[in-house]
Amino acid sequence: MREGQSRFAAEASSIRNTLRSFFIYKWCYWNHSGDKKLLTPQPRLRTGFFSALESQMIPAGCIPEACTSVGAAKYGRPIGLDEVIKVDLIVIGSVAVDPSTGARLGKGEGFAELEYGMLRYMGAIDDSTMVVTTVHDKQLVDDIPVEKLLIHDVPVDIICTPTQVILTNTAIPKPQGIYWEKLSPEKLGQIRILRELKRRIEQETGTILPCGPSENLPPTAQRRRRGW
């Protein structure tokens, strides 16, 4: 990745973190009835899968802490692959997104796609589940070639920026699950919950799942502040 692209990705990540905090704040304050749950993934799926948050789980005055990845894990309830859940809406991060097609670019590590694929396996989502991304207006682009997207890339149905809400009416197919033939041994080795899923499917089907080519993974990103 060139220096300019790397700087843009870092700026986009900072914007996304700010928008994530805003989203959780609004969810906490709007969800007075307590009938809505928020699922938030463990960072890079290193320590688990998702945490389920309900407004009554967060003590008064602790919403700012709950808006961090550490706080979400602290106050949330961890869920596993056997959890029976139905997800109505997905909020996904983006570095850039094309409003005309719904095509998006992430940071290139593929964690959002893996989370999406595992939720598909659980039956928690399907093609009709709306996918929303929150970005700054400067992250809207018109030059993401749809024909170069990969089978596991997740398109978005709705784009929310500080100034507008855009319905993309995307025609890009959504991933149907985990594409094991695209998953490198190195990536699989990083993610315990993914190895568990692979073993489970192989035991259930009696077949050995394929594996993708090896890759040199980028170093784990350094957090600038505790909790992000």
# chains A, B, ... in the order shown; residues from 1 in each chain; ligands from 1
>>> residues_around(residues="Pro41 of chain A", least_positions_apart="6", cutoff="12 Å", atoms="only C-alpha atoms", output="ChimeraX atom specification")
/A:47-53,68-70,72-73,76-80,90-92,111-116,118-119,193
>>> select_by_dssp(residues="segment 58-209 of chain A", states="strand (DSSP E)", output="ChimeraX atom specification")
/A:77-79,89-92,96-97,104-105,130-134,158-160,165-167
>>> write_last_selection(atoms="N, CA and C atoms", output="PDB file, in the first residue's frame")
ATOM      1  N   ARG A  77     -22.471  -9.751  26.612  1.00  0.00           N
ATOM      2  CA  ARG A  77     -22.502 -11.193  26.854  1.00  0.00           C
ATOM      3  C   ARG A  77     -21.907 -11.898  25.646  1.00  0.00           C
ATOM      4  N   PRO A  78     -20.847 -12.688  25.843  1.00  0.00           N
ATOM      5  CA  PRO A  78     -20.244 -13.360  24.690  1.00  0.00           C
ATOM      6  C   PRO A  78     -21.189 -14.402  24.103  1.00  0.00           C
ATOM      7  N   ILE A  79     -21.235 -14.482  22.795  1.00  0.00           N
ATOM      8  CA  ILE A  79     -22.052 -15.493  22.133  1.00  0.00           C
ATOM      9  C   ILE A  79     -21.148 -16.359  21.264  1.00  0.00           C
ATOM     10  N   LEU A  89     -30.096  -5.851  11.023  1.00  0.00           N
ATOM     11  CA  LEU A  89     -29.342  -4.785  10.362  1.00  0.00           C
ATOM     12  C   LEU A  89     -27.867  -4.948  10.691  1.00  0.00           C
ATOM     13  N   ILE A  90     -27.019  -4.789   9.681  1.00  0.00           N
ATOM     14  CA  ILE A  90     -25.575  -4.869   9.868  1.00  0.00           C
ATOM     15  C   ILE A  90     -24.967  -3.502   9.586  1.00  0.00           C
ATOM     16  N   VAL A  91     -24.106  -3.032  10.484  1.00  0.00           N
ATOM     17  CA  VAL A  91     -23.333  -1.810  10.258  1.00  0.00           C
ATOM     18  C   VAL A  91     -21.887  -2.231  10.042  1.00  0.00           C
ATOM     19  N   ILE A  92     -21.341  -1.901   8.893  1.00  0.00           N
ATOM     20  CA  ILE A  92     -20.015  -2.366   8.497  1.00  0.00           C
ATOM     21  C   ILE A  92     -19.113  -1.171   8.215  1.00  0.00           C
ATOM     22  N   ALA A  96     -13.686   3.275   1.726  1.00  0.00           N
ATOM     23  CA  ALA A  96     -14.308   4.023   0.633  1.00  0.00           C
ATOM     24  C   ALA A  96     -15.515   3.233   0.153  1.00  0.00           C
ATOM     25  N   VAL A  97     -16.511   3.948  -0.372  1.00  0.00           N
ATOM     26  CA  VAL A  97     -17.727   3.286  -0.846  1.00  0.00           C
ATOM     27  C   VAL A  97     -18.284   4.054  -2.036  1.00  0.00           C
ATOM     28  N   ARG A 104     -17.859  -1.452  -1.810  1.00  0.00           N
ATOM     29  CA  ARG A 104     -17.087  -0.838  -0.731  1.00  0.00           C
ATOM     30  C   ARG A 104     -15.689  -1.438  -0.682  1.00  0.00           C
ATOM     31  N   LEU A 105     -14.785  -0.671  -0.118  1.00  0.00           N
ATOM     32  CA  LEU A 105     -13.439  -1.140   0.169  1.00  0.00           C
ATOM     33  C   LEU A 105     -13.208  -1.027   1.665  1.00  0.00           C
ATOM     34  N   MET A 130     -30.258  -5.986   5.630  1.00  0.00           N
ATOM     35  CA  MET A 130     -29.692  -4.727   5.162  1.00  0.00           C
ATOM     36  C   MET A 130     -28.291  -4.517   5.728  1.00  0.00           C
ATOM     37  N   VAL A 131     -27.393  -4.043   4.861  1.00  0.00           N
ATOM     38  CA  VAL A 131     -26.020  -3.730   5.259  1.00  0.00           C
ATOM     39  C   VAL A 131     -25.822  -2.222   5.120  1.00  0.00           C
ATOM     40  N   VAL A 132     -25.428  -1.594   6.222  1.00  0.00           N
ATOM     41  CA  VAL A 132     -25.254  -0.141   6.276  1.00  0.00           C
ATOM     42  C   VAL A 132     -23.790   0.169   6.556  1.00  0.00           C
ATOM     43  N   THR A 133     -23.274   1.211   5.943  1.00  0.00           N
ATOM     44  CA  THR A 133     -21.944   1.685   6.301  1.00  0.00           C
ATOM     45  C   THR A 133     -22.027   3.148   6.703  1.00  0.00           C
ATOM     46  N   THR A 134     -21.200   3.536   7.665  1.00  0.00           N
ATOM     47  CA  THR A 134     -21.131   4.925   8.121  1.00  0.00           C
ATOM     48  C   THR A 134     -19.768   5.481   7.735  1.00  0.00           C
ATOM     49  N   ILE A 158     -27.127   0.720   2.282  1.00  0.00           N
ATOM     50  CA  ILE A 158     -27.357   2.089   2.747  1.00  0.00           C
ATOM     51  C   ILE A 158     -26.032   2.703   3.169  1.00  0.00           C
ATOM     52  N   ILE A 159     -25.831   3.959   2.806  1.00  0.00           N
ATOM     53  CA  ILE A 159     -24.646   4.715   3.223  1.00  0.00           C
ATOM     54  C   ILE A 159     -25.111   5.899   4.058  1.00  0.00           C
ATOM     55  N   CYS A 160     -24.563   6.021   5.261  1.00  0.00           N
ATOM     56  CA  CYS A 160     -24.878   7.155   6.129  1.00  0.00           C
ATOM     57  C   CYS A 160     -23.631   8.011   6.297  1.00  0.00           C
ATOM     58  N   VAL A 165     -28.205  10.401   3.751  1.00  0.00           N
ATOM     59  CA  VAL A 165     -28.438   8.959   3.770  1.00  0.00           C
ATOM     60  C   VAL A 165     -28.700   8.531   2.335  1.00  0.00           C
ATOM     61  N   ILE A 166     -27.936   7.553   1.855  1.00  0.00           N
ATOM     62  CA  ILE A 166     -27.998   7.145   0.454  1.00  0.00           C
ATOM     63  C   ILE A 166     -28.442   5.691   0.359  1.00  0.00           C
ATOM     64  N   LEU A 167     -29.476   5.434  -0.421  1.00  0.00           N
ATOM     65  CA  LEU A 167     -29.893   4.069  -0.735  1.00  0.00           C
ATOM     66  C   LEU A 167     -29.204   3.667  -2.034  1.00  0.00           C
TER      67      LEU A 167
END
>>> atom_distance(atom1="atom CA of Ile58 of chain A", atom2="atom CA of Leu38 of chain A")
12.0 Å
>>> select_by_dssp(residues="segment 36-153 of chain A", states="alpha helix (DSSP H)", output="PDB file with N, CA and C atoms, in the first residue's frame")
ATOM      1  N   ILE A  63     -21.696   4.521  29.566  1.00  0.00           N
ATOM      2  CA  ILE A  63     -21.871   4.450  28.119  1.00  0.00           C
ATOM      3  C   ILE A  63     -20.579   4.786  27.369  1.00  0.00           C
ATOM      4  N   PRO A  64     -19.816   5.830  27.779  1.00  0.00           N
ATOM      5  CA  PRO A  64     -18.564   6.099  27.055  1.00  0.00           C
ATOM      6  C   PRO A  64     -17.622   4.898  27.033  1.00  0.00           C
ATOM      7  N   GLU A  65     -17.515   4.195  28.159  1.00  0.00           N
ATOM      8  CA  GLU A  65     -16.652   3.015  28.196  1.00  0.00           C
ATOM      9  C   GLU A  65     -17.210   1.906  27.319  1.00  0.00           C
ATOM     10  N   ALA A  66     -18.535   1.749  27.318  1.00  0.00           N
ATOM     11  CA  ALA A  66     -19.162   0.703  26.510  1.00  0.00           C
ATOM     12  C   ALA A  66     -18.997   0.964  25.022  1.00  0.00           C
ATOM     13  N   SER A  69     -14.075  -0.973  22.242  1.00  0.00           N
ATOM     14  CA  SER A  69     -14.076  -2.420  22.045  1.00  0.00           C
ATOM     15  C   SER A  69     -13.888  -3.158  23.362  1.00  0.00           C
ATOM     16  N   VAL A  70     -13.045  -2.611  24.247  1.00  0.00           N
ATOM     17  CA  VAL A  70     -12.832  -3.230  25.551  1.00  0.00           C
ATOM     18  C   VAL A  70     -14.107  -3.153  26.388  1.00  0.00           C
ATOM     19  N   GLY A  71     -14.763  -2.001  26.367  1.00  0.00           N
ATOM     20  CA  GLY A  71     -15.987  -1.829  27.141  1.00  0.00           C
ATOM     21  C   GLY A  71     -17.128  -2.689  26.639  1.00  0.00           C
ATOM     22  N   ALA A  72     -17.229  -2.837  25.316  1.00  0.00           N
ATOM     23  CA  ALA A  72     -18.287  -3.680  24.756  1.00  0.00           C
ATOM     24  C   ALA A  72     -18.120  -5.124  25.210  1.00  0.00           C
ATOM     25  N   ALA A  73     -16.871  -5.590  25.257  1.00  0.00           N
ATOM     26  CA  ALA A  73     -16.613  -6.948  25.736  1.00  0.00           C
ATOM     27  C   ALA A  73     -16.876  -7.057  27.236  1.00  0.00           C
ATOM     28  N   LYS A  74     -16.586  -5.991  27.967  1.00  0.00           N
ATOM     29  CA  LYS A  74     -16.761  -5.999  29.420  1.00  0.00           C
ATOM     30  C   LYS A  74     -18.233  -6.075  29.806  1.00  0.00           C
ATOM     31  N   TYR A  75     -19.067  -5.274  29.165  1.00  0.00           N
ATOM     32  CA  TYR A  75     -20.473  -5.198  29.551  1.00  0.00           C
ATOM     33  C   TYR A  75     -21.367  -6.129  28.727  1.00  0.00           C
ATOM     34  N   PHE A 111     -11.726  -9.037   7.842  1.00  0.00           N
ATOM     35  CA  PHE A 111     -12.427  -9.466   9.054  1.00  0.00           C
ATOM     36  C   PHE A 111     -13.933  -9.236   8.956  1.00  0.00           C
ATOM     37  N   ALA A 112     -14.343  -8.136   8.341  1.00  0.00           N
ATOM     38  CA  ALA A 112     -15.775  -7.884   8.193  1.00  0.00           C
ATOM     39  C   ALA A 112     -16.427  -8.977   7.351  1.00  0.00           C
ATOM     40  N   GLU A 113     -15.724  -9.424   6.311  1.00  0.00           N
ATOM     41  CA  GLU A 113     -16.257 -10.483   5.460  1.00  0.00           C
ATOM     42  C   GLU A 113     -16.345 -11.812   6.208  1.00  0.00           C
ATOM     43  N   LEU A 114     -15.365 -12.086   7.071  1.00  0.00           N
ATOM     44  CA  LEU A 114     -15.404 -13.314   7.864  1.00  0.00           C
ATOM     45  C   LEU A 114     -16.553 -13.273   8.869  1.00  0.00           C
ATOM     46  N   GLU A 115     -16.742 -12.132   9.505  1.00  0.00           N
ATOM     47  CA  GLU A 115     -17.860 -11.993  10.447  1.00  0.00           C
ATOM     48  C   GLU A 115     -19.185 -12.192   9.721  1.00  0.00           C
ATOM     49  N   TYR A 116     -19.302 -11.600   8.542  1.00  0.00           N
ATOM     50  CA  TYR A 116     -20.520 -11.744   7.747  1.00  0.00           C
ATOM     51  C   TYR A 116     -20.740 -13.213   7.379  1.00  0.00           C
ATOM     52  N   GLY A 117     -19.678 -13.873   6.926  1.00  0.00           N
ATOM     53  CA  GLY A 117     -19.794 -15.266   6.518  1.00  0.00           C
ATOM     54  C   GLY A 117     -20.197 -16.185   7.653  1.00  0.00           C
ATOM     55  N   MET A 118     -19.678 -15.940   8.852  1.00  0.00           N
ATOM     56  CA  MET A 118     -20.042 -16.778   9.992  1.00  0.00           C
ATOM     57  C   MET A 118     -21.489 -16.542  10.415  1.00  0.00           C
ATOM     58  N   LEU A 119     -21.946 -15.304  10.321  1.00  0.00           N
ATOM     59  CA  LEU A 119     -23.349 -15.032  10.618  1.00  0.00           C
ATOM     60  C   LEU A 119     -24.267 -15.719   9.603  1.00  0.00           C
ATOM     61  N   ARG A 120     -23.822 -15.809   8.353  1.00  0.00           N
ATOM     62  CA  ARG A 120     -24.590 -16.549   7.348  1.00  0.00           C
ATOM     63  C   ARG A 120     -24.668 -18.025   7.722  1.00  0.00           C
ATOM     64  N   TYR A 121     -23.545 -18.585   8.160  1.00  0.00           N
ATOM     65  CA  TYR A 121     -23.526 -19.996   8.563  1.00  0.00           C
ATOM     66  C   TYR A 121     -24.514 -20.243   9.704  1.00  0.00           C
ATOM     67  N   MET A 122     -24.599 -19.308  10.645  1.00  0.00           N
ATOM     68  CA  MET A 122     -25.481 -19.459  11.800  1.00  0.00           C
ATOM     69  C   MET A 122     -26.952 -19.281  11.439  1.00  0.00           C
TER      70      MET A 122
END
>>> atom_distance(atom1="atom CA of Pro173 of chain A", atom2="atom CA of Arg192 of chain A")
27.8 Å
>>> atom_distance(atom1="atom CA of Ser55 of chain A", atom2="atom CA of Gly123 of chain A")
24.5 Å
>>> decode(residues="segment 112-222 of chain A", atoms="C-alpha atoms", output="mmCIF file, in the first residue's frame")
data_model
loop_
_atom_site.group_PDB
_atom_site.id
_atom_site.type_symbol
_atom_site.label_atom_id
_atom_site.label_comp_id
_atom_site.auth_asym_id
_atom_site.auth_seq_id
_atom_site.Cartn_x
_atom_site.Cartn_y
_atom_site.Cartn_z
ATOM 1 C CA ALA A 112 -15.775 -7.884 8.193
ATOM 2 C CA GLU A 113 -16.257 -10.483 5.460
ATOM 3 C CA LEU A 114 -15.404 -13.314 7.864
ATOM 4 C CA GLU A 115 -17.860 -11.993 10.447
ATOM 5 C CA TYR A 116 -20.520 -11.744 7.747
ATOM 6 C CA GLY A 117 -19.794 -15.266 6.518
ATOM 7 C CA MET A 118 -20.042 -16.778 9.992
ATOM 8 C CA LEU A 119 -23.349 -15.032 10.618
ATOM 9 C CA ARG A 120 -24.590 -16.549 7.348
ATOM 10 C CA TYR A 121 -23.526 -19.996 8.563
ATOM 11 C CA MET A 122 -25.481 -19.459 11.800
ATOM 12 C CA GLY A 123 -28.602 -18.494 9.861
ATOM 13 C CA ALA A 124 -28.600 -15.104 11.581
ATOM 14 C CA ILE A 125 -28.644 -13.195 8.281
ATOM 15 C CA ASP A 126 -29.608 -13.749 4.656
ATOM 16 C CA ASP A 127 -29.642 -11.829 1.381
ATOM 17 C CA SER A 128 -32.445 -9.583 2.634
ATOM 18 C CA THR A 129 -30.495 -8.383 5.698
ATOM 19 C CA MET A 130 -29.692 -4.727 5.162
ATOM 20 C CA VAL A 131 -26.020 -3.730 5.259
ATOM 21 C CA VAL A 132 -25.254 -0.141 6.276
ATOM 22 C CA THR A 133 -21.944 1.685 6.301
ATOM 23 C CA THR A 134 -21.131 4.925 8.121
ATOM 24 C CA VAL A 135 -18.520 7.102 6.428
ATOM 25 C CA HIS A 136 -17.500 10.713 5.959
ATOM 26 C CA ASP A 137 -18.629 12.395 2.754
ATOM 27 C CA LYS A 138 -15.001 12.468 1.615
ATOM 28 C CA GLN A 139 -15.019 8.664 1.569
ATOM 29 C CA LEU A 140 -17.634 8.572 -1.195
ATOM 30 C CA VAL A 141 -16.026 7.623 -4.513
ATOM 31 C CA ASP A 142 -17.147 6.693 -8.007
ATOM 32 C CA ASP A 143 -14.288 4.520 -9.206
ATOM 33 C CA ILE A 144 -14.563 1.124 -7.486
ATOM 34 C CA PRO A 145 -14.747 -1.362 -10.392
ATOM 35 C CA VAL A 146 -17.489 -3.869 -9.589
ATOM 36 C CA GLU A 147 -15.969 -6.465 -11.901
ATOM 37 C CA LYS A 148 -12.846 -6.579 -9.726
ATOM 38 C CA LEU A 149 -14.685 -7.292 -6.478
ATOM 39 C CA LEU A 150 -14.100 -10.715 -4.956
ATOM 40 C CA ILE A 151 -16.806 -13.254 -4.191
ATOM 41 C CA HIS A 152 -16.532 -12.618 -0.445
ATOM 42 C CA ASP A 153 -16.703 -8.804 -0.653
ATOM 43 C CA VAL A 154 -19.766 -7.425 1.139
ATOM 44 C CA PRO A 155 -21.694 -4.664 -0.685
ATOM 45 C CA VAL A 156 -23.791 -2.096 1.168
ATOM 46 C CA ASP A 157 -27.458 -1.207 0.850
ATOM 47 C CA ILE A 158 -27.357 2.089 2.747
ATOM 48 C CA ILE A 159 -24.646 4.715 3.223
ATOM 49 C CA CYS A 160 -24.878 7.155 6.129
ATOM 50 C CA THR A 161 -22.674 10.240 6.175
ATOM 51 C CA PRO A 162 -22.836 13.324 8.411
ATOM 52 C CA THR A 163 -24.891 15.076 5.717
ATOM 53 C CA GLN A 164 -26.961 12.443 3.913
ATOM 54 C CA VAL A 165 -28.438 8.959 3.770
ATOM 55 C CA ILE A 166 -27.998 7.145 0.454
ATOM 56 C CA LEU A 167 -29.893 4.069 -0.735
ATOM 57 C CA THR A 168 -27.594 2.272 -3.168
ATOM 58 C CA ASN A 169 -30.063 -0.286 -4.574
ATOM 59 C CA THR A 170 -27.017 -2.485 -5.000
ATOM 60 C CA ALA A 171 -27.186 -5.359 -7.445
ATOM 61 C CA ILE A 172 -23.905 -6.873 -6.236
ATOM 62 C CA PRO A 173 -24.483 -10.395 -4.843
ATOM 63 C CA LYS A 174 -23.875 -10.808 -1.136
ATOM 64 C CA PRO A 175 -21.548 -13.553 0.112
ATOM 65 C CA GLN A 176 -23.226 -16.840 0.976
ATOM 66 C CA GLY A 177 -20.830 -17.876 3.741
ATOM 67 C CA ILE A 178 -17.135 -18.539 4.300
ATOM 68 C CA TYR A 179 -15.157 -19.221 1.137
ATOM 69 C CA TRP A 180 -12.582 -21.572 2.582
ATOM 70 C CA GLU A 181 -10.636 -21.854 -0.662
ATOM 71 C CA LYS A 182 -9.827 -18.138 -0.308
ATOM 72 C CA LEU A 183 -8.739 -18.375 3.332
ATOM 73 C CA SER A 184 -5.007 -18.673 3.947
ATOM 74 C CA PRO A 185 -3.556 -21.002 6.621
ATOM 75 C CA GLU A 186 -2.028 -17.935 8.270
ATOM 76 C CA LYS A 187 -5.374 -16.157 8.584
ATOM 77 C CA LEU A 188 -7.035 -19.327 9.842
ATOM 78 C CA GLY A 189 -4.274 -19.710 12.411
ATOM 79 C CA GLN A 190 -5.045 -16.251 13.788
ATOM 80 C CA ILE A 191 -8.735 -16.833 14.479
ATOM 81 C CA ARG A 192 -9.777 -19.485 16.988
ATOM 82 C CA ILE A 193 -13.527 -19.221 16.336
ATOM 83 C CA LEU A 194 -12.899 -19.793 12.632
ATOM 84 C CA ARG A 195 -10.871 -22.923 13.327
ATOM 85 C CA GLU A 196 -13.714 -24.144 15.527
ATOM 86 C CA LEU A 197 -16.196 -23.557 12.715
ATOM 87 C CA LYS A 198 -13.984 -25.385 10.227
ATOM 88 C CA ARG A 199 -13.669 -28.419 12.514
ATOM 89 C CA ARG A 200 -17.409 -28.444 13.088
ATOM 90 C CA ILE A 201 -18.265 -28.374 9.391
ATOM 91 C CA GLU A 202 -15.711 -31.079 8.613
ATOM 92 C CA GLN A 203 -17.125 -33.301 11.369
ATOM 93 C CA GLU A 204 -20.701 -32.715 10.225
ATOM 94 C CA THR A 205 -19.998 -33.345 6.546
ATOM 95 C CA GLY A 206 -17.184 -35.873 6.795
ATOM 96 C CA THR A 207 -15.154 -33.909 4.258
ATOM 97 C CA ILE A 208 -11.988 -31.853 4.532
ATOM 98 C CA LEU A 209 -12.560 -28.229 3.618
ATOM 99 C CA PRO A 210 -10.170 -26.623 1.118
ATOM 100 C CA CYS A 211 -7.612 -24.039 2.110
ATOM 101 C CA GLY A 212 -6.368 -20.998 0.262
ATOM 102 C CA PRO A 213 -2.798 -20.063 -0.631
ATOM 103 C CA SER A 214 -0.349 -18.844 1.985
ATOM 104 C CA GLU A 215 0.084 -15.125 2.538
ATOM 105 C CA ASN A 216 2.234 -12.713 4.505
ATOM 106 C CA LEU A 217 -0.135 -11.078 6.949
ATOM 107 C CA PRO A 218 0.356 -7.411 7.844
ATOM 108 C CA PRO A 219 1.403 -6.661 11.425
ATOM 109 C CA THR A 220 -1.385 -6.174 13.934
ATOM 110 C CA ALA A 221 -2.437 -2.536 14.042
ATOM 111 C CA GLN A 222 -1.313 -0.595 17.095
#
